[in-house]
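The structure appears below as structure tokens.
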Amino acid sequence: MMLSTAATAALAESPHPGRERETQLIRLVRQDCGSCHGMRLTGGLGPALTPAALQDKPADALVQAILQGRPGTPMPPWKNFISGPEAVWIVDGLKKGFPDVR
Amino acid sequence: MSVRLAGLFLALAILSGCATPTLRGTGDLGVVIERATGSVRIVDTTHHASLARVGGLGDLSHASICYSRDERYAYVFGRDGGLTKVDLLRRRIDRRIVQAGNSIGGAISPDGKLVAVANYEPGGVKVFDANDLSPVADIPAAGADGKRSKVVGLVDAPGHKFVFSLYDAGEIWVADMHDPRHPVLHKFAGIGKEPYDGMITSDGRFYAAGLFGEDGVALLDLWNPDAGVKRALVEFGRHGEKFPVYKMPHLEGWAATGDRVVLPAAGKHEVIIADQQTWKEIARVPVAGQAVFAIARPDGRQVWINFAFPDNDTVQVLDLPTRRIVQTLKPGKGVLHLEFAPRGEEVWLSLRDENRIDIYDPDTFARTGSLPAESPSGIFFTVRAHRIGL
């Protein structure tokens, strides 16, 4: 019971892009982010985006990295394809362990 | 032995008898990576058929393949450090090891005896016996600053060599493998920032590394290594606007035709045509997006180009003599790779998001076939066994 309460609380905090869009975002992260970060997000040219790798990193900075990219590195800006709330949802997912493509 | 058991053995004997493959060559076979399921498909290019699916190969995002010189075995390099030797005739895994934490590709030595893997983590190259995958040599890639570097762009080269680039350190190393257990390294430092991939021309003479952090390519003339690494095609990077790169371009030997080399540029929606001997720019051709692969038809007349997200539903065909894009195709979503049949009469495209492989006639641009595959990425035909750098 404890677990499901905690899960509900976490879900309530993070914005919900909606079921269909979530499926698209999961695909995008696994496939297109995966081309640099690895499909299992364990790292490639870009660093690992696993819960362990991200645990000490502030969510804001990660959201910024996704939206604005990291100039001077291969990390490109995604703001034309991913909205602010969607980036927050992605970072939330990354920190918890990102879902697999359904 | 019970009657039932005896019956079972008999059935097995008959089954395995039936499964004995008829004699066949492997010159018209290939392997397609199914990246999401950690499996590969063995395909037959003569009959447009999928012969078998082999699973259990681990994380195959960004996987690539090279072939044994008898074209029987495919060495599959996985993202998770897995190195799997697949038997195309028995249609199963022959041997498999996990040799590092994170890898990017590999190469086979000219004599077919050594398989080398480029590793991100721990950064370096590991060399294995092509027969049993036992370790032969370990080359940690510590740059001039002493730090381990990710290794990219690993290729074989004439003279029993492997050549590769150090992404973080900005170096190119040539490993002479005459004594396989004791590679002799020739290091070129300060070649430019962030080499992200490398290729060798099909004559084995020039090794080129694309630079992400700087303009142009770092070029090593292997016939004249003492001249050092030079920068080529610098202007190409400098002119005009730079776009974000949603997928890193690939440099591959297929882009060189003998007298021309066609390269995608990082951050440009153009490909460059250069002279393969002088590496001087001949033309820049605007294309539909960030090019990922530029693959020449074996006769060198056409070059087929695919693109990074968000243009990965598009393929363009460059006619080399006229230097014009003569065809724009929309084959489907997620075009990840393309591979020509050995003599170029057809080209296979992998459509990741459509879960299929499509086959096109490069003369008419008509689709002539299609095969199912789950999230297909790389397509590799056995003809690569006899190409330098593939």
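A note on labels: chains of the structure tokens are A, B, ... as shown, every chain counts residues from 1, and ligands are counted from 1 in their shown order.
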
List every residue of chain B that has an atom at most 7 Å from any atom of chain A, giving for each one its closest atom pair and the distance in Å to one decimal, counting only C-alpha atoms, sorted by chain and then by ascending residue number, as CSV.
```
residue,atom,partner,partner_atom,distance
B:Ser61,CA,A:Met39,CA,5.6
B:His62,CA,A:Ser35,CA,6.8
B:Asn102,CA,A:Gly44,CA,7.0
B:Pro244,CA,A:Pro76,CA,5.4
B:Val245,CA,A:Pro76,CA,6.1
B:Tyr246,CA,A:Pro76,CA,6.3
B:Lys247,CA,A:Ser35,CA,6.6
```

Residues near B:Gln327, anyone? I mean within 8 Å using only C-alpha atoms, not counting same-chain ones fewer than 2 positions away, as a PDB file with N, CA and C atoms, in the first residue's frame.
```
ATOM      1  N   GLN B 316      17.471  10.541 -50.256  1.00  0.00           N
ATOM      2  CA  GLN B 316      17.734  11.257 -51.505  1.00  0.00           C
ATOM      3  C   GLN B 316      18.828  10.554 -52.293  1.00  0.00           C
ATOM      4  N   VAL B 317      18.716  10.708 -53.612  1.00  0.00           N
ATOM      5  CA  VAL B 317      19.675  10.076 -54.503  1.00  0.00           C
ATOM      6  C   VAL B 317      20.447  11.164 -55.247  1.00  0.00           C
ATOM      7  N   LEU B 318      21.753  11.142 -55.064  1.00  0.00           N
ATOM      8  CA  LEU B 318      22.638  12.098 -55.728  1.00  0.00           C
ATOM      9  C   LEU B 318      23.230  11.428 -56.961  1.00  0.00           C
ATOM     10  N   ILE B 325      20.666  16.209 -57.033  1.00  0.00           N
ATOM     11  CA  ILE B 325      19.747  15.258 -56.415  1.00  0.00           C
ATOM     12  C   ILE B 325      18.713  14.902 -57.478  1.00  0.00           C
ATOM     13  N   LEU B 329      12.909  10.251 -52.039  1.00  0.00           N
ATOM     14  CA  LEU B 329      11.943   9.198 -51.706  1.00  0.00           C
ATOM     15  C   LEU B 329      11.470   9.387 -50.266  1.00  0.00           C
ATOM     16  N   PHE B 365      13.852   3.519 -59.286  1.00  0.00           N
ATOM     17  CA  PHE B 365      13.427   3.990 -57.965  1.00  0.00           C
ATOM     18  C   PHE B 365      12.126   3.332 -57.521  1.00  0.00           C
TER      19      PHE B 365
END
```

Next on the checklist: One decimal, in Å: what's the spacing between atom CA of B:Asp299 and atom CA of B:Phe340?
Outcome noted: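 Computing it gives 10.5 Å between the two atoms.
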
Checklist entry - Quick one: residues within 9 Å of stretch 350-363 of chain B, only C-alpha atoms counted, chain neighbours fewer than 2 positions away excluded, as a ChimeraX atom specification? => result /B:32,34-35,48,297,302,313,317,331-339,344-348,365-379

Next on the checklist: Quick one: residues within 8 Å of A:Thr50, only C-alpha atoms, excluding same-chain residues fewer than 3 positions away - as a list in words?
Outcome noted: Leu41, Thr42, Ala53, Leu54, Leu94, Lys95, Gly97 and Phe98 of chain A

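Between B:Glu194 and the candidates B:Gly216, B:Pro264, B:Pro135, B:Gly146, the tightest atom-to-atom separation, counting only C-alpha atoms, involves B:Gly216.
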
Item to check | Non-local contacts of B:Phe293 (6 Å; only C-alpha atoms; under 5 positions in same chain excluded) as an MDAnalysis selection string | outcome: chainID B and resid 250 305:306

Item to check | Test item: residues at most 6 Å from B:Phe162, only C-alpha atoms, excluding those fewer than 2 positions along its chain, as a VMD selection string | outcome: chain B and resid 155 to 157 174 to 175

C-alpha atoms of the current selection, written as a tab-separated table (two decimals), in the first residue's frame:
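Printed below is selection37.tsv as written:
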```tsv
chain	number	residue	atom	x	y	z
B	155	VAL	CA	38.96	0.26	-39.33
B	156	ASP	CA	41.41	-2.28	-40.73
B	157	ALA	CA	44.13	-1.04	-43.05
B	174	VAL	CA	47.67	3.34	-36.02
B	175	ALA	CA	48.23	-0.10	-34.48
```

Next on the checklist: I want to know what sits within 7 Å of B:Ala255, based on only C-alpha atoms, with residues of the same chain fewer than 6 positions away left out; could you give that as a list in words?
Outcome noted: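 Surrounding residues, per the criterion: Val261, Val262, Leu263, Ala294, Ile295 and Ala296 of chain B.
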